[in-house]
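*Asks:* Pasting start-v6.csv here (CSV, C-alpha atoms and all ligand atoms):
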```
chain,number,residue,atom,x,y,z
P,271,ALA,CA,0.0,0.0,0.0
P,272,GLY,CA,1.1,3.6,-0.5
P,273,HIS,CA,2.6,5.7,2.2
P,274,THR,CA,3.6,9.4,1.8
P,275,VAL,CA,6.5,10.2,4.2
P,276,VAL,CA,7.8,13.7,4.7
P,277,VAL,CA,11.2,14.2,6.2
P,278,ASP,CA,13.1,17.5,6.1
P,279,SER,CA,10.4,18.9,3.8
P,280,VAL,CA,11.1,16.2,1.2
P,281,GLU,CA,8.1,14.1,0.3
P,282,TYR,CA,8.8,10.4,-0.3
P,283,ASP,CA,6.3,7.9,-1.8
P,284,PHE,CA,6.7,4.4,-0.5
P,285,HIS,CA,4.9,1.3,-1.4
P,286,LEU,CA,7.2,-1.5,-0.5
P,287,LEU,CA,10.0,0.2,1.4
P,288,PRO,CA,9.4,0.6,5.1
P,289,SER,CA,9.0,4.2,6.2
P,290,GLY,CA,11.8,3.7,8.7
P,291,VAL,CA,14.3,3.3,5.8
P,292,LEU,CA,14.8,7.1,5.9
P,293,ASN,CA,16.1,6.8,9.5
P,294,LYS,CA,19.9,6.2,9.1
P,295,LYS,CA,20.1,4.8,12.6
P,296,ALA,CA,17.4,2.2,12.0
P,297,ILE,CA,17.4,-1.2,10.4
P,298,SER,CA,14.4,-1.8,8.2
P,299,PHE,CA,12.9,-5.2,7.6
P,300,ILE,CA,10.4,-6.5,5.1
P,301,GLY,CA,8.7,-9.5,6.6
P,302,ASN,CA,7.2,-12.6,5.2
P,303,GLY,CA,3.7,-11.2,5.2
P,304,VAL,CA,4.6,-8.8,2.3
P,305,VAL,CA,4.5,-9.8,-1.3
P,306,ILE,CA,7.2,-8.2,-3.3
P,307,HIS,CA,7.4,-7.1,-6.9
P,308,LEU,CA,11.1,-6.8,-7.5
P,309,PRO,CA,11.1,-4.3,-10.4
P,310,GLY,CA,8.7,-2.2,-8.3
P,311,LEU,CA,11.0,-2.3,-5.2
P,312,PHE,CA,14.1,-1.2,-7.1
P,313,GLU,CA,12.3,1.4,-9.2
P,314,GLU,CA,10.8,2.8,-6.0
P,315,ALA,CA,14.2,3.1,-4.4
P,316,GLU,CA,15.7,4.8,-7.4
P,317,LYS,CA,12.8,7.2,-7.8
P,318,ASN,CA,12.9,8.2,-4.1
P,319,SER,CA,16.6,8.5,-4.1
P,320,GLN,CA,16.3,11.4,-6.6
P,321,LYS,CA,14.0,13.3,-4.3
P,322,GLY,CA,16.4,13.9,-1.4
P,323,SER,CA,19.3,12.4,0.5
P,324,GLY,CA,17.0,10.4,2.8
P,325,LEU,CA,17.6,7.1,1.1
P,326,GLN,CA,21.4,7.3,0.9
P,327,GLY,CA,22.8,3.9,1.7
P,328,TRP,CA,19.4,2.2,1.9
P,329,GLU,CA,20.7,-1.1,0.7
P,330,GLU,CA,22.9,-1.3,3.9
P,331,ARG,CA,19.9,-0.7,6.1
P,332,LEU,CA,17.3,-2.9,4.5
P,333,LYS,CA,16.7,-6.6,5.2
P,334,ILE,CA,14.2,-8.8,3.4
P,335,SER,CA,12.7,-12.0,4.7
P,336,ASP,CA,13.7,-15.1,2.8
P,337,ARG,CA,10.1,-16.3,3.3
P,338,ALA,CA,8.4,-13.3,1.5
P,339,HIS,CA,6.5,-14.2,-1.6
P,340,ILE,CA,7.3,-12.7,-5.0
P,341,VAL,CA,4.8,-10.8,-7.2
P,342,PHE,CA,5.6,-11.5,-10.8
P,343,ASN,CA,4.7,-9.4,-13.9
P,344,PHE,CA,2.1,-12.0,-14.9
P,345,HIS,CA,0.4,-11.6,-11.4
P,346,GLN,CA,0.0,-7.9,-12.3
P,347,ALA,CA,-1.4,-8.8,-15.7
P,348,VAL,CA,-3.8,-11.3,-14.2
P,349,ASP,CA,-5.0,-8.6,-11.7
P,350,GLY,CA,-6.0,-6.4,-14.6
P,351,ILE,CA,-7.8,-9.3,-16.4
P,352,GLN,CA,-9.6,-10.3,-13.2
P,353,GLU,CA,-10.9,-6.8,-12.6
P,354,GLN,CA,-12.1,-6.6,-16.2
P,355,LEU,CA,-13.9,-9.9,-15.9
P,356,ARG,CA,-15.6,-8.9,-12.6
P,357,GLN,CA,-16.7,-5.7,-14.3
P,358,GLN,CA,-18.1,-7.7,-17.3
P,359,GLN,CA,-19.7,-10.5,-15.3
P,360,ALA,CA,-21.1,-8.7,-12.3
P,361,GLY,CA,-21.0,-5.1,-13.4
P,362,LYS,CA,-18.7,-4.2,-10.5
P,363,ASN,CA,-15.0,-4.5,-9.8
P,364,LEU,CA,-13.2,-4.5,-6.5
P,365,GLY,CA,-11.2,-1.4,-7.2
P,366,THR,CA,-7.9,-3.2,-6.8
P,367,THR,CA,-4.6,-1.3,-7.5
P,368,LYS,CA,-3.8,-3.8,-10.3
P,369,LYS,CA,-0.4,-4.3,-8.6
P,370,GLY,CA,-0.8,-8.1,-8.6
P,371,ILE,CA,-1.3,-8.3,-4.9
P,372,GLY,CA,-4.4,-10.5,-4.9
P,373,PRO,CA,-3.1,-13.0,-7.5
P,374,ALA,CA,0.2,-13.3,-5.7
P,375,TYR,CA,-1.5,-14.1,-2.4
P,376,SER,CA,-3.7,-16.6,-4.3
P,377,SER,CA,-0.5,-18.4,-5.5
P,378,LYS,CA,0.7,-18.3,-1.9
P,379,ALA,CA,-2.5,-19.9,-0.6
P,380,ALA,CA,-2.6,-22.4,-3.5
P,381,ARG,CA,1.0,-23.4,-2.5
P,382,ASN,CA,2.6,-22.9,-5.8
P,383,GLY,CA,3.9,-19.4,-5.1
P,384,LEU,CA,7.6,-18.6,-5.2
P,385,ARG,CA,9.5,-17.0,-2.4
P,386,VAL,CA,12.5,-14.8,-2.1
P,387,CYS,CA,14.5,-17.9,-0.8
P,388,ASP,CA,13.6,-19.7,-4.1
P,389,LEU,CA,14.9,-16.9,-6.2
P,390,VAL,CA,18.3,-16.5,-4.4
P,391,SER,CA,19.0,-20.3,-4.4
P,392,ASP,CA,19.6,-22.6,-7.4
P,393,PHE,CA,18.2,-20.6,-10.4
P,394,SER,CA,17.5,-23.6,-12.5
P,395,VAL,CA,15.2,-25.0,-9.9
P,396,PHE,CA,13.5,-21.6,-9.6
P,397,GLU,CA,13.2,-21.4,-13.4
P,398,GLU,CA,11.4,-24.7,-13.5
P,399,LYS,CA,8.9,-23.7,-10.8
P,400,PHE,CA,8.4,-20.3,-12.4
P,401,ARG,CA,7.5,-22.0,-15.7
P,402,VAL,CA,4.9,-24.2,-14.0
P,403,LEU,CA,3.3,-21.2,-12.3
P,404,ALA,CA,3.3,-19.1,-15.4
P,405,GLY,CA,1.8,-22.1,-17.3
P,406,HIS,CA,-0.9,-22.4,-14.7
P,407,PHE,CA,-2.0,-18.8,-15.2
P,408,GLN,CA,-1.8,-19.1,-19.0
P,409,THR,CA,-4.1,-22.1,-19.0
P,410,THR,CA,-6.6,-20.2,-16.7
P,411,TYR,CA,-6.5,-17.0,-18.8
P,412,PRO,CA,-5.9,-17.8,-22.5
P,413,ASN,CA,-5.7,-14.1,-23.3
P,414,LEU,CA,-2.8,-13.6,-20.9
P,415,ASN,CA,0.4,-12.7,-22.7
P,416,ILE,CA,3.5,-13.8,-20.7
P,417,ASP,CA,7.0,-13.4,-22.0
P,418,ILE,CA,8.4,-16.1,-19.8
P,419,ASP,CA,12.0,-15.9,-21.1
P,420,ALA,CA,12.2,-12.1,-20.8
P,421,GLU,CA,10.8,-12.2,-17.2
P,422,LEU,CA,13.3,-14.9,-16.2
P,423,GLU,CA,16.2,-12.9,-17.6
P,424,GLN,CA,15.0,-9.9,-15.6
P,425,LEU,CA,14.6,-12.0,-12.5
P,426,LYS,CA,18.1,-13.4,-12.8
P,427,GLY,CA,19.4,-9.8,-12.6
P,428,TYR,CA,17.3,-9.0,-9.6
P,429,ALA,CA,18.4,-12.1,-7.8
P,430,GLU,CA,22.0,-10.7,-7.7
P,431,ARG,CA,20.9,-7.4,-6.4
P,432,LEU,CA,18.6,-9.0,-3.9
P,433,ARG,CA,20.9,-11.6,-2.4
P,434,PRO,CA,22.8,-9.3,-0.1
P,435,LEU,CA,19.6,-8.0,1.4
P,436,VAL,CA,18.0,-11.4,2.1
P,437,THR,CA,18.0,-12.8,5.6
P,438,ASP,CA,16.3,-15.6,7.6
P,439,GLY,CA,13.4,-13.5,8.7
P,440,VAL,CA,12.3,-15.6,11.6
P,441,TYR,CA,15.7,-15.7,13.1
P,442,PHE,CA,16.3,-12.0,12.4
P,443,MET,CA,13.1,-11.1,14.4
P,444,HIS,CA,14.0,-13.5,17.2
P,445,LYS,CA,17.4,-11.9,17.6
P,446,ALA,CA,15.9,-8.4,17.5
P,447,LEU,CA,13.3,-9.3,20.2
P,448,ASN,CA,15.7,-11.2,22.5
P,449,GLY,CA,19.0,-9.5,22.0
P,450,PRO,CA,20.1,-6.1,23.4
P,451,SER,CA,17.1,-3.9,24.3
P,452,LYS,CA,15.9,-1.8,21.4
P,453,LYS,CA,12.8,-0.1,20.1
P,454,ILE,CA,10.9,-2.0,17.5
P,455,LEU,CA,8.2,-0.3,15.5
P,456,VAL,CA,6.0,-2.4,13.2
P,457,GLU,CA,4.5,-0.7,10.2
P,458,GLY,CA,1.5,-2.4,8.6
P,459,ALA,CA,-0.3,-1.4,5.4
P,460,ASN,CA,-3.8,-0.4,4.7
P,461,ALA,CA,-6.6,-0.1,7.2
P,462,ALA,CA,-8.5,-2.5,9.6
P,463,LEU,CA,-11.5,-2.4,7.3
P,464,LEU,CA,-9.4,-3.7,4.4
P,465,ASP,CA,-8.3,-6.8,6.3
P,466,ILE,CA,-9.1,-10.0,4.4
P,467,ASP,CA,-10.8,-11.5,7.5
P,468,PHE,CA,-12.2,-8.5,9.3
P,469,GLY,CA,-12.7,-6.0,6.6
P,470,THR,CA,-15.6,-5.2,4.3
P,471,TYR,CA,-15.2,-8.4,2.3
P,472,PRO,CA,-14.9,-8.7,-0.7
P,473,PHE,CA,-13.9,-5.1,-1.0
P,474,VAL,CA,-10.7,-5.8,0.9
P,475,THR,CA,-7.0,-6.4,0.2
P,476,SER,CA,-5.7,-10.0,0.3
P,477,SER,CA,-3.6,-9.8,3.5
P,478,ASN,CA,-3.8,-9.1,7.2
P,479,CYS,CA,-4.2,-5.5,8.1
P,480,THR,CA,-5.1,-5.9,11.8
P,481,VAL,CA,-2.8,-6.4,14.7
P,482,GLY,CA,-2.6,-10.2,14.2
P,483,GLY,CA,-0.6,-9.4,11.1
P,484,VAL,CA,2.3,-8.6,13.4
P,485,CYS,CA,2.5,-12.2,14.5
P,486,THR,CA,1.8,-13.9,11.1
P,487,GLY,CA,3.6,-11.4,9.0
P,488,LEU,CA,6.8,-11.3,11.0
P,489,GLY,CA,6.9,-14.3,13.2
P,490,VAL,CA,6.6,-12.2,16.4
P,491,PRO,CA,5.1,-14.2,19.3
P,492,PRO,CA,1.9,-12.6,20.6
P,493,SER,CA,3.5,-12.1,24.0
P,494,HIS,CA,5.9,-9.6,22.4
P,495,VAL,CA,3.2,-7.3,21.1
P,496,GLY,CA,3.3,-4.2,23.2
P,497,ARG,CA,1.3,-1.0,22.8
P,498,VAL,CA,-1.1,-0.9,19.8
P,499,TYR,CA,-1.8,2.5,18.3
P,500,GLY,CA,-4.9,3.0,16.2
P,501,VAL,CA,-4.4,5.8,13.7
P,502,VAL,CA,-7.7,7.3,12.7
P,503,LYS,CA,-8.5,10.4,10.7
P,504,ALA,CA,-11.0,12.9,12.1
P,505,TYR,CA,-13.2,12.0,9.2
P,506,THR,CA,-13.6,8.8,7.1
P,507,THR,CA,-12.2,8.1,3.7
P,508,ARG,CA,-12.3,5.2,1.4
P,509,VAL,CA,-10.6,4.6,-1.9
P,510,GLY,CA,-12.3,2.3,-4.4
P,511,VAL,CA,-15.7,0.7,-4.2
P,512,GLY,CA,-17.5,-0.7,-1.1
P,513,ALA,CA,-20.0,0.3,1.6
P,514,PHE,CA,-19.5,3.7,3.2
P,515,PRO,CA,-22.5,4.8,5.3
P,516,THR,CA,-21.3,8.2,6.4
P,517,GLU,CA,-20.1,9.2,2.9
P,518,GLN,CA,-20.9,12.8,2.0
P,519,ASP,CA,-21.3,12.7,-1.8
P,520,ASN,CA,-21.7,16.5,-2.0
P,521,ASP,CA,-20.0,19.8,-1.0
P,522,THR,CA,-19.0,18.5,2.4
P,523,GLY,CA,-17.3,15.4,0.9
P,524,ASP,CA,-15.6,17.6,-1.7
P,525,LEU,CA,-14.3,20.0,1.0
P,526,LEU,CA,-12.9,17.2,3.0
P,527,GLN,CA,-11.3,15.7,-0.1
P,528,SER,CA,-9.7,18.9,-1.3
P,529,ARG,CA,-8.7,20.4,2.1
P,530,GLY,CA,-7.4,17.0,3.2
P,531,ARG,CA,-5.8,16.3,-0.2
P,532,GLU,CA,-7.3,12.9,-0.2
P,533,PHE,CA,-5.7,11.0,-3.1
P,534,GLY,CA,-4.6,7.4,-3.0
P,535,VAL,CA,-0.7,7.3,-3.0
P,536,THR,CA,-0.6,4.2,-5.2
P,537,THR,CA,-3.3,4.9,-7.7
P,538,GLY,CA,-3.7,8.7,-7.5
P,539,ARG,CA,-7.5,8.1,-7.2
P,540,ARG,CA,-9.6,10.6,-5.3
P,541,ARG,CA,-10.6,9.2,-2.0
P,542,ARG,CA,-14.3,9.2,-1.1
P,543,CYS,CA,-14.9,11.2,2.0
P,544,GLY,CA,-17.5,11.5,4.8
P,545,TRP,CA,-18.0,12.0,8.5
P,546,LEU,CA,-16.1,10.1,11.2
P,547,ASP,CA,-17.8,6.7,11.7
P,548,LEU,CA,-17.4,5.7,15.3
P,549,VAL,CA,-19.1,2.3,14.6
P,550,LEU,CA,-16.1,1.5,12.5
P,551,VAL,CA,-13.6,2.8,15.1
P,552,ARG,CA,-15.3,0.8,17.8
P,553,TYR,CA,-15.2,-2.3,15.6
P,554,ALA,CA,-11.5,-1.8,14.8
P,555,HIS,CA,-10.9,-1.5,18.5
P,556,MET,CA,-12.7,-4.8,19.2
P,557,VAL,CA,-10.3,-6.5,16.8
P,558,ASN,CA,-7.1,-4.7,17.6
P,559,GLY,CA,-7.5,-3.6,21.3
P,560,PHE,CA,-5.8,-0.2,20.8
P,561,SER,CA,-3.8,1.1,23.8
P,562,ALA,CA,-4.3,4.6,22.4
P,563,ILE,CA,-5.7,6.4,19.4
P,564,ALA,CA,-3.9,9.0,17.3
P,565,LEU,CA,-6.6,11.2,15.8
P,566,THR,CA,-5.2,12.9,12.8
P,567,LYS,CA,-6.2,15.8,10.4
P,568,LEU,CA,-8.6,17.5,12.9
P,569,ASP,CA,-7.6,20.8,11.3
P,570,ILE,CA,-9.2,19.8,8.0
P,571,LEU,CA,-12.5,20.2,9.7
P,572,ASP,CA,-11.7,23.8,10.9
P,573,THR,CA,-13.8,25.7,8.3
P,574,LEU,CA,-16.9,23.6,8.9
P,575,PRO,CA,-19.7,25.3,10.9
P,576,GLU,CA,-21.0,21.9,12.0
P,577,ILE,CA,-19.3,18.5,12.4
P,578,LYS,CA,-21.2,15.3,12.5
P,579,ILE,CA,-20.2,11.9,13.7
P,580,GLY,CA,-21.8,8.5,12.9
P,581,ILE,CA,-22.5,6.7,16.2
P,582,THR,CA,-25.0,3.9,15.5
P,583,TYR,CA,-26.3,1.9,12.6
P,584,THR,CA,-30.0,1.4,12.8
P,585,VAL,CA,-32.0,-1.2,11.0
P,586,ASP,CA,-35.8,-1.2,11.2
P,587,GLY,CA,-35.6,1.2,14.1
P,588,LYS,CA,-33.3,-1.0,16.1
P,589,PRO,CA,-29.6,-0.1,16.6
P,590,LEU,CA,-27.1,-2.8,15.6
P,591,PRO,CA,-24.8,-3.8,18.5
P,592,SER,CA,-21.7,-3.8,16.2
P,593,PHE,CA,-20.5,-3.5,12.7
P,594,PRO,CA,-22.2,-6.3,10.6
P,595,GLY,CA,-20.3,-8.9,8.7
P,596,LYS,CA,-22.8,-9.3,5.8
P,597,LEU,CA,-22.4,-6.6,3.3
P,598,THR,CA,-24.3,-7.8,0.2
P,599,ILE,CA,-27.3,-5.7,1.0
P,600,CYS,CA,-25.3,-2.9,2.4
P,601,TYR,CA,-23.4,-2.7,-0.8
P,602,THR,CA,-26.5,-1.1,-2.3
P,603,PHE,CA,-26.5,1.3,0.7
P,604,SER,CA,-30.0,0.3,1.7
P,605,TYR,CA,-29.0,-1.9,4.6
P,606,PHE,CA,-28.6,0.9,7.0
P,607,SER,CA,-32.0,2.5,7.2
P,608,HIS,CA,-30.4,5.5,8.8
P,609,ILE,CA,-27.3,6.6,10.7
P,610,THR,CA,-27.8,8.5,13.9
P,611,MET,CA,-25.6,11.6,13.8
P,612,GLN,CA,-24.5,13.5,16.8
P,613,GLN,CA,-23.4,17.1,16.7
S,701,LIG,C1,-3.3,-13.5,6.7
S,701,LIG,O1,-4.6,-14.0,6.5
S,701,LIG,C2,-4.8,-15.0,5.7
S,701,LIG,C3,-6.2,-15.4,5.6
S,701,LIG,O2,-6.9,-15.5,6.8
S,701,LIG,C4,-3.9,-16.2,6.1
S,701,LIG,O3,-4.1,-17.3,5.2
S,701,LIG,C5,-2.5,-15.8,6.1
S,701,LIG,O4,-1.6,-16.8,6.4
S,701,LIG,C6,-2.3,-14.6,7.0
S,701,LIG,N1,-0.9,-14.1,7.1
S,701,LIG,C7,-0.2,-13.6,6.2
S,701,LIG,C8,1.2,-13.2,6.6
S,701,LIG,O5,-0.6,-13.3,5.0
S,702,LIG,C1,-24.6,14.9,1.6
S,702,LIG,O1,-24.7,13.6,1.0
S,702,LIG,C2,-25.0,12.6,1.9
S,702,LIG,C3,-25.0,11.3,1.1
S,702,LIG,O2,-23.9,11.2,0.3
S,702,LIG,C4,-26.4,12.9,2.5
S,702,LIG,O3,-26.7,11.9,3.5
S,702,LIG,C5,-26.3,14.3,3.2
S,702,LIG,O4,-27.6,14.6,3.7
S,702,LIG,C6,-25.9,15.3,2.2
S,702,LIG,N1,-25.7,16.6,2.9
S,702,LIG,C7,-26.2,17.8,2.5
S,702,LIG,C8,-25.9,19.0,3.3
S,702,LIG,O5,-26.8,17.8,1.4
```
Is it possible to express this structure as structure tokens?
Ligand SMILES: *[C@@H]1O[C@H](CO)[C@@H](O)[C@H](O)[C@H]1NC(C)=O
Ligand SMILES: *[C@@H]1O[C@H](CO)[C@@H](O)[C@H](O)[C@H]1NC(C)=O

*Replies:*
Amino acid sequence: AGHTVVVDSVEYDFHLLPSGVLNKKAISFIGNGVVIHLPGLFEEAEKNSQKGSGLQGWEERLKISDRAHIVFNFHQAVDGIQEQLRQQQAGKNLGTTKKGIGPAYSSKAARNGLRVCDLVSDFSVFEEKFRVLAGHFQTTYPNLNIDIDAELEQLKGYAERLRPLVTDGVYFMHKALNGPSKKILVEGANAALLDIDFGTYPFVTSSNCTVGGVCTGLGVPPSHVGRVYGVVKAYTTRVGVGAFPTEQDNDTGDLLQSRGREFGVTTGRRRRCGWLDLVLVRYAHMVNGFSAIALTKLDILDTLPEIKIGITYTVDGKPLPSFPGKLTICYTFSYFSHITMQQ
């Protein structure tokens, strides 16, 4: 997912690089829960290196888990085809970023995905598995054009650049947690409501965006999870399709969008905007158990004469106790007969 990070007035756009890579005293680590598109990673590093001096020496400060899965170019092509098919068949797409994330996690779950450790080991073995995986997608999507040899050639080059960064991720985290005392900050991607299990399925990403991702995505034992900070904006935004009960599809939403400069970092899409939805915040807290909340962008609301906050979802006059799991009806926005707003 995209993160904009501003350091010394220089604005960096990160998708795969951890934000901490700008801190020259910190070691950054990409865990096994991340799926990595190698051309994307190195292009991102080059592009951001031209913006300021923040990334200087990044290759000495970045470690990558040997267990992280790889996103191939054909995963990205498949992402585009799948979105097109969803649009044709059901008249609605998921609004994915077409970065190949979903298809790469599908390969991971289907157990024919390839990992960083495969790429930096015996290349002929990797090549064989790569051809099988590419063949699988070609059979599924006859219109898919894969230049297998060209991609293999490209990957061979990346394998060399990648090798010095690769580490045994589980052992790395174990040493970090049990060695000399240090501060460890875990950065996740996306938002709780985009989590594959707890989000507004199917309008979600394919990975774990809630606190459990710290354990599964890094190999950190639950007993080591310390304080959990919920970061929540003073209003609600959503990029792409999906239910959004407090959305203000009018001047108010436009004001939040423009004053808050709400554009997706990865796609540049305008984010949909609306009032803060406390039903969602409470739900996110049930799953994550925040120790504290960082409420951001309150100043964006400064010019508004009145601010509203969604507090309850009501169906047939009865308030729902929590955020509901079933979203098929709610997708049409008729599920919530109304939202109680409090000034
Ligand atoms: C995240 O969630 C999925 C689905 O529940 C699970 O299969 C996967 O192993 C989890 N962890 C990571 C790191 O993706
Ligand atoms: C703005 O739009 C939302 C729906 O998107 C609606 O509920 C709300 O009443 C509108 N507000 C005004 C001031 O028109």

*Asks:* Can you tell me, as a list in words, what residues are no more than 12 Å from P:Pro412 when counting all atoms listed in the file, ignoring any on the same chain fewer than 6 positions away?

*Replies:*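 Within the cut-off, the hits are Val348, Ile351, Ala404, Gly405 and His406 of chain P.
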
*Asks:* Please give me, as a list in words, the residues lying within 8 Å of ligand LIG 701 (chain S) when counting only C-alpha atoms and all ligand atoms.

*Replies:*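 Written in the requested form, the residues are Asn302, Gly303, Val304, Tyr375, Ala379, Ile466, Asp467, Ser476, Ser477, Asn478, Gly483, Thr486, Gly487 and Leu488 of chain P.
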
*Asks:* List every residue of chain P that has an atom at most 9 Å from any atom of ligand LIG 702 (chain S), and for each one report the closest atom pair and its distance in Å to one decimal, counting only C-alpha atoms and all ligand atoms, with rows sorted by chain and then by increasing residue number, as a tab-separated table.

*Replies:*
```
residue	atom	partner	partner_atom	distance
P:Pro515	CA	S:LIG702	C3	8.1
P:Thr516	CA	S:LIG702	O3	7.2
P:Glu517	CA	S:LIG702	O2	5.0
P:Gln518	CA	S:LIG702	O2	3.8
P:Asp519	CA	S:LIG702	O2	3.7
P:Asn520	CA	S:LIG702	C1	4.9
P:Asp521	CA	S:LIG702	C1	7.2
P:Thr522	CA	S:LIG702	C1	6.7
P:Gly523	CA	S:LIG702	C1	7.4
P:Gly544	CA	S:LIG702	O2	7.8
P:Ile609	CA	S:LIG702	O3	9.0
```

*Asks:* Excluding stretch 281-293 of chain P and its own-chain neighbours fewer than 6 positions away, which residues fall within 9 Å of it when counting all atoms listed in the file? Please give them as a count of residues only.

*Replies:* 32

*Asks:* Need the shell around P:Ala462: protein/DNA/RNA residues with any atom at most 12 Å away, counting all atoms listed in the file. Skip same-chain ones fewer than 3 positions apart. Format as number ranges by chain?

*Replies:* P: 458-459, 465-471, 474-475, 477-483, 500-502, 508, 550-560

*Asks:* Would you work out the distance separating atom CA of P:Arg401 from atom CA of P:Thr367, expressed in Å to one decimal?

*Replies:*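 Between atom CA of P:Arg401 and atom CA of P:Thr367 the gap works out to 25.3 Å.
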
*Asks:* Record the distance separating atom CA of P:Gly372 and atom CA of P:Arg337, expressed in Å with one decimal.

*Replies:*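 These two atoms are separated by 17.6 Å.
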
*Asks:* Please report the interatomic distance between atom CA of P:Asp388 and atom CA of P:Asp438 in Å with one decimal.

*Replies:* 12.7 Å

*Asks:* So which one's closest to P:Gly530, P:Ser335, P:Thr582, P:Gln358, P:Thr573? Using only C-alpha atoms, please.

*Replies:*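 For P:Gly530, the nearest of the given residues is P:Thr573.
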
*Asks:* Using all atoms listed in the file, find the one residue out of P:Ala504, P:Met443, P:Leu526, P:Ile297 that sits nearest to P:Cys485.

*Replies:*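 Counting all atoms listed in the file, the residue closest to P:Cys485 is P:Met443.
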
*Asks:* Using all atoms listed in the file for the distances, tell me which of P:Ile454, P:Ala513, P:Leu447, P:Leu425 is nearest to P:Val341.

*Replies:*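 Result for the nearest residue to P:Val341: P:Leu425.
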
*Asks:* Looking at P:Ile416, P:Leu432, P:Val402, P:Ala347, which one is nearest to P:Val390, with distances taken over all atoms listed in the file?

*Replies:*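 Result for the nearest residue to P:Val390: P:Leu432.
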
*Asks:* Return the single residue from P:Trp545, P:Phe473, P:Asn460, P:Pro373 that is closest to P:Lys596, with distances computed using all atoms listed in the file.

*Replies:* P:Phe473

*Asks:* Using only C-alpha atoms for the distances, tell me which of P:Asp572, P:Asp349, P:Asp419, P:Glu430 is nearest to P:Leu308.

*Replies:*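 Looking at the shortest contact to P:Leu308, the residue is P:Glu430.
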
*Asks:* Take the point (-20.0, 16.4, 13.5) as written in the file and pick out every residue within 10 Å of it, counting only C-alpha atoms; give the list as a PyMOL selection string.

*Replies:* chain P and resi 504-505+545-546+571+574-580+611-613
